[in-house]
file model38.pdb (PDB, C-alpha atoms)
ATOM      1  CA  MET I 169     -11.163 -27.625  -9.393
ATOM      2  CA  GLU I 170     -14.117 -25.758 -10.877
ATOM      3  CA  GLN I 171     -14.434 -23.690  -7.694
ATOM      4  CA  PHE I 172     -10.754 -22.767  -7.858
ATOM      5  CA  ARG I 173     -11.081 -21.682 -11.495
ATOM      6  CA  HIS I 174     -14.072 -19.521 -10.548
ATOM      7  CA  ILE I 175     -12.151 -17.827  -7.731
ATOM      8  CA  ALA I 176      -9.061 -17.373  -9.929
ATOM      9  CA  ALA I 177     -11.151 -15.780 -12.672
ATOM     10  CA  MET I 178     -12.776 -13.357 -10.220
ATOM     11  CA  LEU I 179      -9.406 -12.395  -8.765
ATOM     12  CA  ARG I 180      -7.924 -11.803 -12.198
ATOM     13  CA  ASP I 181     -10.878  -9.738 -13.405
ATOM     14  CA  ARG I 182     -10.962  -7.621 -10.261
ATOM     15  CA  THR I 183      -7.245  -7.141  -9.578
ATOM     16  CA  GLY I 184      -5.215  -8.367 -12.554
ATOM     17  CA  ILE I 185      -3.557 -10.978 -10.306
ATOM     18  CA  VAL I 186      -3.120 -14.379 -11.940
ATOM     19  CA  LEU I 187      -3.208 -17.538  -9.826
ATOM     20  CA  ALA I 188      -1.173 -20.460 -11.139
ATOM     21  CA  ASP I 189      -2.866 -23.832 -11.510
ATOM     22  CA  GLY I 190      -0.894 -25.107  -8.531
ATOM     23  CA  ALA I 191      -2.199 -22.409  -6.194
ATOM     24  CA  GLN I 192      -5.262 -24.326  -5.000
ATOM     25  CA  LYS I 193      -3.747 -25.105  -1.584
ATOM     26  CA  PHE I 194      -2.858 -21.439  -1.210
ATOM     27  CA  VAL I 195      -6.462 -20.400  -1.917
ATOM     28  CA  VAL I 196      -7.900 -22.951   0.501
ATOM     29  CA  ALA I 197      -5.470 -21.910   3.242
ATOM     30  CA  ARG I 198      -6.178 -18.202   2.765
ATOM     31  CA  LEU I 199      -9.982 -18.536   2.662
ATOM     32  CA  ALA I 200     -10.471 -21.221   5.327
ATOM     33  CA  LYS I 201     -10.679 -18.596   8.068
ATOM     34  CA  ARG I 202     -13.408 -16.710   6.186
ATOM     35  CA  LEU I 203     -15.439 -19.887   5.704
ATOM     36  CA  ARG I 204     -15.149 -20.803   9.388
ATOM     37  CA  ARG I 205     -16.170 -17.315  10.488
ATOM     38  CA  LEU I 206     -19.233 -17.423   8.242
ATOM     39  CA  GLY I 207     -20.117 -20.987   9.219
ATOM     40  CA  HIS I 208     -19.761 -22.327   5.667
ATOM     41  CA  ARG I 209     -18.574 -25.888   5.211
ATOM     42  CA  GLY I 210     -17.767 -25.653   1.521
ATOM     43  CA  PHE I 211     -16.901 -23.233  -1.234
ATOM     44  CA  ASP I 212     -20.176 -23.567  -3.147
ATOM     45  CA  VAL I 213     -22.141 -21.561  -0.587
ATOM     46  CA  TYR I 214     -19.259 -19.105  -0.175
ATOM     47  CA  LEU I 215     -19.072 -18.480  -3.916
ATOM     48  CA  SER I 216     -22.817 -17.920  -4.032
ATOM     49  CA  LEU I 217     -22.383 -15.279  -1.342
ATOM     50  CA  VAL I 218     -19.473 -13.357  -2.882
ATOM     51  CA  THR I 219     -21.135 -13.265  -6.308
ATOM     52  CA  SER I 220     -24.427 -11.934  -4.920
ATOM     53  CA  PRO I 221     -25.295  -8.233  -4.399
ATOM     54  CA  ALA I 222     -25.410  -8.861  -0.654
ATOM     55  CA  GLY I 223     -21.892 -10.258  -0.703
ATOM     56  CA  ALA I 224     -20.023  -7.185  -1.955
ATOM     57  CA  GLY I 225     -18.340  -6.648   1.387
ATOM     58  CA  GLU I 226     -17.317 -10.287   1.630
ATOM     59  CA  PHE I 227     -15.963 -10.117  -1.931
ATOM     60  CA  ASP I 228     -13.607  -7.336  -0.805
ATOM     61  CA  LEU I 229     -12.537  -9.437   2.189
ATOM     62  CA  MET I 230     -11.866 -12.360  -0.149
ATOM     63  CA  ILE I 231      -9.626 -10.128  -2.267
ATOM     64  CA  ASP I 232      -7.799  -9.005   0.882
ATOM     65  CA  ALA I 233      -7.236 -12.630   1.870
ATOM     66  CA  LEU I 234      -5.829 -13.571  -1.541
ATOM     67  CA  THR I 235      -3.408 -10.687  -2.046
ATOM     68  CA  THR I 236       0.239 -11.090  -1.069
ATOM     69  CA  ASN I 237       1.706  -8.482   1.290
ATOM     70  CA  THR I 238       5.374  -9.335   1.731
ATOM     71  CA  THR I 239       7.321  -6.188   2.598
ATOM     72  CA  ARG I 240       9.846  -4.752   5.023
ATOM     73  CA  PHE I 241      11.488  -1.443   5.847
ATOM     74  CA  PHE I 242      14.067  -0.293   3.273
ATOM     75  CA  ARG I 243      13.485  -3.357   1.120
ATOM     76  CA  GLU I 244      15.908  -3.381  -1.840
ATOM     77  CA  PRO I 245      18.105  -0.711  -0.207
ATOM     78  CA  GLY I 246      19.854   0.191  -3.456
ATOM     79  CA  HIS I 247      16.697   1.955  -4.556
ATOM     80  CA  PHE I 248      16.732   4.176  -1.480
ATOM     81  CA  ASP I 249      20.441   4.882  -1.928
ATOM     82  CA  PHE I 250      19.814   5.939  -5.549
ATOM     83  CA  LEU I 251      16.844   8.047  -4.453
ATOM     84  CA  ALA I 252      18.936   9.851  -1.839
ATOM     85  CA  SER I 253      22.026  10.421  -3.976
ATOM     86  CA  ARG I 254      20.692  10.869  -7.509
ATOM     87  CA  VAL I 255      17.047  11.924  -7.301
ATOM     88  CA  LEU I 256      16.439  13.929  -4.141
ATOM     89  CA  PRO I 257      18.982  16.722  -4.720
ATOM     90  CA  ARG I 258      17.032  17.928  -7.774
ATOM     91  CA  LEU I 259      13.679  17.545  -6.016
ATOM     92  CA  ILE I 260      14.892  19.454  -2.958
ATOM     93  CA  ARG I 261      15.919  22.340  -5.219
ATOM     94  CA  LYS I 262      12.547  22.144  -6.937
ATOM     95  CA  ALA I 263      10.697  22.333  -3.616
ATOM     96  CA  ARG I 264      12.825  25.206  -2.290
ATOM     97  CA  GLU I 265      12.075  27.127  -5.494
ATOM     98  CA  GLY I 266       8.342  26.786  -4.835
ATOM     99  CA  GLY I 267       7.664  23.662  -6.899
ATOM    100  CA  ARG I 268       5.272  20.839  -6.130
ATOM    101  CA  VAL I 269       6.993  17.514  -5.304
ATOM    102  CA  ARG I 270       5.018  14.272  -5.212
ATOM    103  CA  PHE I 271       5.991  10.687  -4.385
ATOM    104  CA  TRP I 272       3.745   7.663  -4.873
ATOM    105  CA  SER I 273       4.162   4.351  -3.078
ATOM    106  CA  ALA I 274       1.866   2.155  -5.146
ATOM    107  CA  ALA I 275       0.972  -1.229  -3.628
ATOM    108  CA  CYS I 276       2.230   0.044  -0.271
ATOM    109  CA  SER I 277       0.983  -2.983   1.717
ATOM    110  CA  SER I 278       1.326  -2.426   5.479
ATOM    111  CA  GLY I 279       3.263   0.816   5.095
ATOM    112  CA  GLU I 280       6.926  -0.085   5.428
ATOM    113  CA  GLU I 281       7.762   1.308   1.986
ATOM    114  CA  PRO I 282       6.178   4.781   2.303
ATOM    115  CA  TYR I 283       7.602   5.207   5.804
ATOM    116  CA  SER I 284      11.041   4.263   4.444
ATOM    117  CA  LEU I 285      10.499   6.869   1.716
ATOM    118  CA  ALA I 286       9.553   9.494   4.283
ATOM    119  CA  ALA I 287      12.616   8.718   6.407
ATOM    120  CA  THR I 288      14.867   8.987   3.340
ATOM    121  CA  ILE I 289      13.319  12.315   2.355
ATOM    122  CA  LEU I 290      13.615  13.824   5.839
ATOM    123  CA  GLU I 291      17.210  12.645   6.226
ATOM    124  CA  ALA I 292      18.124  14.678   3.139
ATOM    125  CA  PHE I 293      15.524  17.423   3.561
ATOM    126  CA  PRO I 294      14.734  17.927   7.278
ATOM    127  CA  ASP I 295      12.426  20.884   6.648
ATOM    128  CA  ALA I 296      10.421  19.156   3.888
ATOM    129  CA  ALA I 297       7.185  19.722   5.827
ATOM    130  CA  LEU I 298       7.543  23.444   5.218
ATOM    131  CA  TYR I 299       7.289  22.913   1.460
ATOM    132  CA  ASP I 300       4.853  21.331  -0.985
ATOM    133  CA  VAL I 301       6.169  17.793  -0.545
ATOM    134  CA  ARG I 302       3.799  14.842  -0.124
ATOM    135  CA  ILE I 303       3.774  11.057  -0.368
ATOM    136  CA  LEU I 304       0.698   9.201  -1.637
ATOM    137  CA  ALA I 305       0.525   5.566  -0.475
ATOM    138  CA  THR I 306      -2.085   3.276  -2.044
ATOM    139  CA  ASP I 307      -3.049  -0.372  -1.865
ATOM    140  CA  ILE I 308      -5.904  -2.676  -2.823
ATOM    141  CA  ASN I 309      -5.947  -4.377   0.581
ATOM    142  CA  ARG I 310      -7.984  -2.310   3.015
ATOM    143  CA  GLU I 311      -6.817  -4.270   6.054
ATOM    144  CA  MET I 312      -3.189  -3.544   5.153
ATOM    145  CA  LEU I 313      -4.008   0.141   4.656
ATOM    146  CA  CYS I 314      -5.493   0.321   8.159
ATOM    147  CA  ARG I 315      -2.322  -1.189   9.593
ATOM    148  CA  ALA I 316      -0.183   1.189   7.564
ATOM    149  CA  GLU I 317      -2.082   4.267   8.630
ATOM    150  CA  ALA I 318      -1.861   3.239  12.303
ATOM    151  CA  GLY I 319       1.937   3.331  12.029
ATOM    152  CA  LEU I 320       2.437   0.695  14.746
ATOM    153  CA  TYR I 321       4.735  -2.278  14.232
ATOM    154  CA  ASP I 322       6.038  -5.181  16.231
ATOM    155  CA  ILE I 323       9.221  -4.176  17.995
ATOM    156  CA  GLN I 324      11.053  -6.802  15.921
ATOM    157  CA  ALA I 325       9.991  -5.247  12.597
ATOM    158  CA  GLY I 326      13.176  -3.211  12.319
ATOM    159  CA  ARG I 327      15.545  -5.724  13.886
ATOM    160  CA  ASP I 328      17.691  -5.933  10.734
ATOM    161  CA  LEU I 329      18.084  -2.169  10.449
ATOM    162  CA  THR I 330      21.031  -0.133  11.631
ATOM    163  CA  PRO I 331      20.520   1.909  14.810
ATOM    164  CA  ALA I 332      20.520   5.055  12.658
ATOM    165  CA  LEU I 333      17.700   3.795  10.440
ATOM    166  CA  ARG I 334      15.684   2.643  13.450
ATOM    167  CA  ALA I 335      16.067   6.076  14.989
ATOM    168  CA  ALA I 336      14.967   7.710  11.724
ATOM    169  CA  LEU I 337      11.803   5.574  11.583
ATOM    170  CA  PHE I 338      10.569   5.025  15.108
ATOM    171  CA  ASP I 339       9.583   7.139  18.059
ATOM    172  CA  PRO I 340      12.095   6.560  20.883
ATOM    173  CA  SER I 341       9.412   5.419  23.325
ATOM    174  CA  GLU I 342       8.286   1.788  23.149
ATOM    175  CA  ASP I 343       4.877   0.592  24.271
ATOM    176  CA  GLU I 344       4.248  -3.080  25.052
ATOM    177  CA  GLY I 345       6.508  -4.427  22.364
ATOM    178  CA  GLN I 346       5.348  -2.031  19.649
ATOM    179  CA  ALA I 347       7.363   0.504  17.687
ATOM    180  CA  ALA I 348       5.549   3.660  16.581
ATOM    181  CA  ILE I 349       6.482   5.567  13.446
ATOM    182  CA  ARG I 350       7.742   9.066  14.151
ATOM    183  CA  PRO I 351       4.934  11.640  13.733
ATOM    184  CA  GLU I 352       6.929  13.788  11.311
ATOM    185  CA  LEU I 353       7.082  10.830   8.895
ATOM    186  CA  ARG I 354       3.360  10.129   9.208
ATOM    187  CA  ALA I 355       2.582  13.785   8.513
ATOM    188  CA  LEU I 356       4.080  13.518   5.008
ATOM    189  CA  ILE I 357       1.920  10.574   3.905
ATOM    190  CA  THR I 358      -1.660  10.202   2.702
ATOM    191  CA  PHE I 359      -3.000   6.619   2.572
ATOM    192  CA  ARG I 360      -5.721   5.744   0.060
ATOM    193  CA  TYR I 361      -7.394   2.626  -1.333
ATOM    194  CA  MET I 362      -6.656   2.008  -5.005
ATOM    195  CA  ASN I 363      -7.172  -0.852  -7.449
ATOM    196  CA  PHE I 364      -4.928  -0.673 -10.539
ATOM    197  CA  MET I 365      -7.694  -2.296 -12.620
ATOM    198  CA  GLU I 366     -10.172   0.495 -11.896
ATOM    199  CA  PRO I 367     -10.011   4.113 -13.151
ATOM    200  CA  TRP I 368      -7.103   5.835 -11.414
ATOM    201  CA  PRO I 369      -8.269   8.634  -9.088
ATOM    202  CA  VAL I 370      -4.739   9.969  -8.653
ATOM    203  CA  THR I 371      -2.957  13.218  -9.165
ATOM    204  CA  GLY I 372      -0.069  13.639 -11.517
ATOM    205  CA  PRO I 373       2.526  14.353 -12.321
ATOM    206  CA  PHE I 374       4.577  12.345  -9.817
ATOM    207  CA  ASP I 375       8.281  12.934  -9.382
ATOM    208  CA  VAL I 376       8.892   9.442  -7.978
ATOM    209  CA  ILE I 377       6.816   6.263  -8.165
ATOM    210  CA  PHE I 378       7.643   3.074  -6.276
ATOM    211  CA  CYS I 379       5.721   0.011  -7.502
ATOM    212  CA  ARG I 380       7.796  -3.001  -6.610
ATOM    213  CA  ASN I 381       6.872  -6.681  -6.657
ATOM    214  CA  ALA I 382       3.210  -6.120  -7.490
ATOM    215  CA  ALA I 383       3.280  -6.656 -11.256
ATOM    216  CA  ILE I 384       4.974 -10.065 -10.903
ATOM    217  CA  TYR I 385       1.551 -11.491 -10.010
ATOM    218  CA  MET I 386       0.024 -10.231 -13.280
ATOM    219  CA  ASP I 387       0.201 -11.530 -16.849
ATOM    220  CA  THR I 388       2.451  -9.830 -19.402
ATOM    221  CA  ALA I 389      -0.278  -7.751 -21.053
ATOM    222  CA  THR I 390      -1.506  -6.394 -17.710
ATOM    223  CA  GLN I 391       2.050  -5.628 -16.638
ATOM    224  CA  GLN I 392       2.729  -3.654 -19.805
ATOM    225  CA  LYS I 393      -0.462  -1.643 -19.367
ATOM    226  CA  LEU I 394       0.479  -0.913 -15.765
ATOM    227  CA  TRP I 395       3.955   0.355 -16.689
ATOM    228  CA  ALA I 396       2.478   2.501 -19.466
ATOM    229  CA  ASP I 397      -0.062   3.981 -17.034
ATOM    230  CA  PHE I 398       2.717   4.828 -14.574
ATOM    231  CA  GLU I 399       4.772   6.429 -17.346
ATOM    232  CA  ARG I 400       1.850   8.676 -18.237
ATOM    233  CA  VAL I 401       1.674  10.153 -14.726
ATOM    234  CA  LEU I 402       5.416  10.584 -14.263
ATOM    235  CA  ASP I 403       6.710  14.146 -14.403
ATOM    236  CA  ALA I 404       9.499  15.161 -16.750
ATOM    237  CA  GLU I 405      12.607  13.453 -15.343
ATOM    238  CA  GLY I 406      10.372  11.500 -12.965
ATOM    239  CA  THR I 407      11.708   8.169 -11.700
ATOM    240  CA  LEU I 408       9.903   4.811 -11.571
ATOM    241  CA  PHE I 409      11.249   2.073  -9.286
ATOM    242  CA  ILE I 410      10.084  -1.515  -9.898
ATOM    243  CA  GLY I 411      10.937  -4.892  -8.343
ATOM    244  CA  HIS I 412      14.157  -6.692  -9.238
ATOM    245  CA  SER I 413      12.163  -9.609 -10.699
ATOM    246  CA  GLU I 414      10.144  -7.287 -12.957
ATOM    247  CA  ARG I 415      10.863  -5.939 -16.434
ATOM    248  CA  ILE I 416       9.495  -2.913 -18.273
ATOM    249  CA  GLY I 417       9.757  -4.444 -21.752
ATOM    250  CA  SER I 418      10.842  -3.056 -25.107
ATOM    251  CA  SER I 419       7.555  -1.254 -25.839
ATOM    252  CA  LEU I 420       8.445   1.462 -23.298
ATOM    253  CA  SER I 421      12.197   1.575 -23.817
ATOM    254  CA  HIS I 422      11.962   4.855 -25.765
ATOM    255  CA  ARG I 423       9.846   6.469 -23.023
ATOM    256  CA  LEU I 424      11.591   5.169 -19.894
ATOM    257  CA  GLU I 425      15.386   5.216 -19.651
ATOM    258  CA  LEU I 426      17.118   2.689 -17.382
ATOM    259  CA  VAL I 427      19.240   4.731 -14.958
ATOM    260  CA  ALA I 428      19.992   2.115 -12.260
ATOM    261  CA  PRO I 429      18.986  -1.499 -11.630
ATOM    262  CA  THR I 430      15.160  -1.539 -12.004
ATOM    263  CA  ALA I 431      15.011   2.255 -11.841
ATOM    264  CA  TYR I 432      13.720   4.161 -14.875
ATOM    265  CA  ARG I 433      13.597   7.854 -15.687
ATOM    266  CA  ARG I 434      11.157   9.651 -17.933
ATOM    267  CA  PRO I 435      12.797  11.936 -20.536
ATOM    268  CA  MET I 436      12.361  15.668 -20.076
ATOM    269  CA  THR I 437       8.988  16.363 -21.682
ATOM    270  CA  ARG I 438       5.990  18.215 -20.392
ATOM    271  CA  ILE I 439       3.085  16.309 -18.852
ATOM    272  CA  ALA I 440      -0.277  17.718 -17.821
ATOM    273  CA  PRO I 441      -1.568  17.042 -14.297
ATOM    274  CA  THR I 442      -4.494  14.687 -13.819
ATOM    275  CA  SER I 443      -7.648  15.637 -11.983
ATOM    276  CA  LEU I 444      -7.473  15.048  -8.239
ATOM    277  CA  ALA I 445      -5.189  16.607  -5.652
ATOM    278  CA  VAL I 446      -2.920  14.761  -3.235
TER     279      VAL I 446
END
call {"tool": "encode", "arguments": {"input": "model38.pdb", "output": "structure tokens"}}
result
Amino acid sequence: MEQFRHIAAMLRDRTGIVLADGAQKFVVARLAKRLRRLGHRGFDVYLSLVTSPAGAGEFDLMIDALTTNTTRFFREPGHFDFLASRVLPRLIRKAREGGRVRFWSAACSSGEEPYSLAATILEAFPDAALYDVRILATDINREMLCRAEAGLYDIQAGRDLTPALRAALFDPSEDEGQAAIRPELRALITFRYMNFMEPWPVTGPFDVIFCRNAAIYMDTATQQKLWADFERVLDAEGTLFIGHSERIGSSLSHRLELVAPTAYRRPMTRIAPTSLAV
């Protein structure tokens, strides 16, 4: 029990993720493979390693093992429908007039969300690559980011999609049961590591931010800080999409207007860009 509390405290401090008291079996199941690979028989030695200067790399692998990465292509399709019908027309005009258009898939996991974003953008704006349009995709799990950047998925990954959506996402050729993301989608996206609890090395303002089903693992105070941080890097009329189990809260109701189920828009005010380029 003491070992579990130690691990839970480290995870919360590092990532903001809160483990419930009943999550001990989850922790043991997720870390058992790491212990076997290292030849450790118990958690005492493992904890000594991850809390030592020499164990920084293993600490990151522990975080990877304990983060949840449930996702799929076009998850919560209403968000993509709203993006296509209500958000993209204005952003396409902005891009064609020489403006900078930025999307952010925060907590992108293994990449299904940013690739779904790219497919939605190119369906409405086939020549987007000729303009200043980019998608930033970030996650705390480095293993998931590697998978996302590779753009290769099991052939069954899109089995629930319509033929049209599969064609929009995947290269027509199949290789040994794998489906490859179309190169024109990959060209729109930059993948980067990011931890919400660390200083944000991101560029603003963003026209669209997707951060769905990440905050549900955090406590209320951390959630509210996260939403406020997103609001600060949203452009005027920028849109924030969150998970259907998540709530913004009353403290931001005057700064983020609900425009569709779990979709919020920033009022038209000016916002200064942050430091780094995407």
call {"tool": "closest_residue", "arguments": {"input": "model38.pdb", "among": "I:Asp375, I:Asp212, I:Glu226, I:Asp339", "to": "Ile260 (chain I)", "atoms": "only C-alpha atoms"}}
result
I:Asp375
call {"tool": "residues_around", "arguments": {"input": "model38.pdb", "residues": "Arg258 (chain I)", "least_positions_apart": "4", "cutoff": "12 Å", "atoms": "all atoms listed in the file", "output": "ChimeraX atom specification"}}
result
/I:251-254,262-265,267,269,292-293,375-376,405-407
call {"tool": "resolve_selection", "arguments": {"input": "model38.pdb", "expression": "the PyMOL selection byres ((chain I and resi 360-373) around 10)", "output": "compact mmCIF listing (two decimals) with C-alpha atoms, in the coordinates of the input"}}
result
# COMPACT_ATOMS: atom_id res chain seq x y z
CA ARG I 180 -7.92 -11.80 -12.20
CA ASP I 181 -10.88 -9.74 -13.40
CA ARG I 182 -10.96 -7.62 -10.26
CA THR I 183 -7.24 -7.14 -9.58
CA GLY I 184 -5.22 -8.37 -12.55
CA ILE I 185 -3.56 -10.98 -10.31
CA ARG I 268 5.27 20.84 -6.13
CA VAL I 269 6.99 17.51 -5.30
CA ARG I 270 5.02 14.27 -5.21
CA PHE I 271 5.99 10.69 -4.38
CA TRP I 272 3.74 7.66 -4.87
CA ALA I 274 1.87 2.15 -5.15
CA ALA I 275 0.97 -1.23 -3.63
CA CYS I 276 2.23 0.04 -0.27
CA LEU I 304 0.70 9.20 -1.64
CA ALA I 305 0.52 5.57 -0.48
CA THR I 306 -2.08 3.28 -2.04
CA ASP I 307 -3.05 -0.37 -1.86
CA ILE I 308 -5.90 -2.68 -2.82
CA ASN I 309 -5.95 -4.38 0.58
CA ARG I 310 -7.98 -2.31 3.02
CA MET I 312 -3.19 -3.54 5.15
CA LEU I 313 -4.01 0.14 4.66
CA CYS I 314 -5.49 0.32 8.16
CA GLU I 317 -2.08 4.27 8.63
CA ILE I 357 1.92 10.57 3.90
CA THR I 358 -1.66 10.20 2.70
CA PHE I 359 -3.00 6.62 2.57
CA PHE I 374 4.58 12.34 -9.82
CA ASP I 375 8.28 12.93 -9.38
CA VAL I 376 8.89 9.44 -7.98
CA THR I 390 -1.51 -6.39 -17.71
CA LYS I 393 -0.46 -1.64 -19.37
CA LEU I 394 0.48 -0.91 -15.76
CA ASP I 397 -0.06 3.98 -17.03
CA PHE I 398 2.72 4.83 -14.57
CA GLU I 399 4.77 6.43 -17.35
CA ARG I 400 1.85 8.68 -18.24
CA VAL I 401 1.67 10.15 -14.73
CA LEU I 402 5.42 10.58 -14.26
CA ASP I 403 6.71 14.15 -14.40
CA ALA I 404 9.50 15.16 -16.75
CA GLY I 406 10.37 11.50 -12.96
CA ARG I 438 5.99 18.22 -20.39
CA ILE I 439 3.08 16.31 -18.85
CA ALA I 440 -0.28 17.72 -17.82
CA PRO I 441 -1.57 17.04 -14.30
CA THR I 442 -4.49 14.69 -13.82
CA SER I 443 -7.65 15.64 -11.98
CA LEU I 444 -7.47 15.05 -8.24
CA ALA I 445 -5.19 16.61 -5.65
CA VAL I 446 -2.92 14.76 -3.24
call {"tool": "closest_residue", "arguments": {"input": "model38.pdb", "among": "I:Ile289, I:Thr388, I:Arg334, I:Ser278", "to": "Glu352 (chain I)", "atoms": "all atoms listed in the file"}}
result
I:Ile289
call {"tool": "resolve_selection", "arguments": {"input": "model38.pdb", "expression": "the PyMOL selection byres ((chain I and resi 435) around 7)", "output": "MDAnalysis selection string"}}
result
chainID I and resid 404:405 423:424 433:434 436:437
call {"tool": "resolve_selection", "arguments": {"input": "model38.pdb", "expression": "the PyMOL selection byres ((chain I and resi 173-179) around 12)", "output": "mmCIF file with C-alpha atoms, in the coordinates of the input"}}
result
data_model
loop_
_atom_site.group_PDB
_atom_site.id
_atom_site.type_symbol
_atom_site.label_atom_id
_atom_site.label_comp_id
_atom_site.auth_asym_id
_atom_site.auth_seq_id
_atom_site.Cartn_x
_atom_site.Cartn_y
_atom_site.Cartn_z
ATOM 1 C CA MET I 169 -11.163 -27.625 -9.393
ATOM 2 C CA GLU I 170 -14.117 -25.758 -10.877
ATOM 3 C CA GLN I 171 -14.434 -23.690 -7.694
ATOM 4 C CA PHE I 172 -10.754 -22.767 -7.858
ATOM 5 C CA ARG I 180 -7.924 -11.803 -12.198
ATOM 6 C CA ASP I 181 -10.878 -9.738 -13.405
ATOM 7 C CA ARG I 182 -10.962 -7.621 -10.261
ATOM 8 C CA THR I 183 -7.245 -7.141 -9.578
ATOM 9 C CA GLY I 184 -5.215 -8.367 -12.554
ATOM 10 C CA ILE I 185 -3.557 -10.978 -10.306
ATOM 11 C CA VAL I 186 -3.120 -14.379 -11.940
ATOM 12 C CA LEU I 187 -3.208 -17.538 -9.826
ATOM 13 C CA ALA I 188 -1.173 -20.460 -11.139
ATOM 14 C CA ASP I 189 -2.866 -23.832 -11.510
ATOM 15 C CA GLY I 190 -0.894 -25.107 -8.531
ATOM 16 C CA ALA I 191 -2.199 -22.409 -6.194
ATOM 17 C CA GLN I 192 -5.262 -24.326 -5.000
ATOM 18 C CA PHE I 194 -2.858 -21.439 -1.210
ATOM 19 C CA VAL I 195 -6.462 -20.400 -1.917
ATOM 20 C CA VAL I 196 -7.900 -22.951 0.501
ATOM 21 C CA LEU I 199 -9.982 -18.536 2.662
ATOM 22 C CA PHE I 211 -16.901 -23.233 -1.234
ATOM 23 C CA ASP I 212 -20.176 -23.567 -3.147
ATOM 24 C CA TYR I 214 -19.259 -19.105 -0.175
ATOM 25 C CA LEU I 215 -19.072 -18.480 -3.916
ATOM 26 C CA SER I 216 -22.817 -17.920 -4.032
ATOM 27 C CA VAL I 218 -19.473 -13.357 -2.882
ATOM 28 C CA THR I 219 -21.135 -13.265 -6.308
ATOM 29 C CA PHE I 227 -15.963 -10.117 -1.931
ATOM 30 C CA ASP I 228 -13.607 -7.336 -0.805
ATOM 31 C CA LEU I 229 -12.537 -9.437 2.189
ATOM 32 C CA MET I 230 -11.866 -12.360 -0.149
ATOM 33 C CA ILE I 231 -9.626 -10.128 -2.267
ATOM 34 C CA ASP I 232 -7.799 -9.005 0.882
ATOM 35 C CA ALA I 233 -7.236 -12.630 1.870
ATOM 36 C CA LEU I 234 -5.829 -13.571 -1.541
ATOM 37 C CA THR I 235 -3.408 -10.687 -2.046
ATOM 38 C CA ILE I 308 -5.904 -2.676 -2.823
ATOM 39 C CA ASN I 363 -7.172 -0.852 -7.449
ATOM 40 C CA MET I 365 -7.694 -2.296 -12.620
ATOM 41 C CA TYR I 385 1.551 -11.491 -10.010
ATOM 42 C CA MET I 386 0.024 -10.231 -13.280
#
call {"tool": "atom_distance", "arguments": {"input": "model38.pdb", "atom1": "CA of Ala316 (chain I)", "atom2": "CA of His412 (chain I)"}}
result
23.5 Å
call {"tool": "residues_around", "arguments": {"input": "model38.pdb", "residues": "Pro351 (chain I)", "least_positions_apart": "3", "cutoff": "10 Å", "atoms": "all atoms listed in the file", "output": "NGL selection string"}}
result
:I and (319 or 337-339 or 348 or 354-356)
call {"tool": "atom_distance", "arguments": {"input": "model38.pdb", "atom1": "CA of Leu290 (chain I)", "atom2": "CA of Ile349 (chain I)"}}
result
13.3 Å
call {"tool": "atom_distance", "arguments": {"input": "model38.pdb", "atom1": "CA of Ala382 (chain I)", "atom2": "CA of Thr430 (chain I)"}}
result
13.6 Å
call {"tool": "closest_residue", "arguments": {"input": "model38.pdb", "among": "I:Ala318, I:Val427, I:Leu333, I:Leu256", "to": "Gln346 (chain I)", "atoms": "only C-alpha atoms"}}
result
I:Ala318
call {"tool": "residues_around", "arguments": {"input": "model38.pdb", "residues": "Gln392 (chain I)", "least_positions_apart": "6", "cutoff": "10 Å", "atoms": "only C-alpha atoms", "output": "ChimeraX atom specification"}}
result
/I:383,386,398,415-420
call {"tool": "closest_residue", "arguments": {"input": "model38.pdb", "among": "I:Ser341, I:Ser220, I:Ser413, I:Gln391", "to": "Glu244 (chain I)", "atoms": "only C-alpha atoms"}}
result
I:Ser413
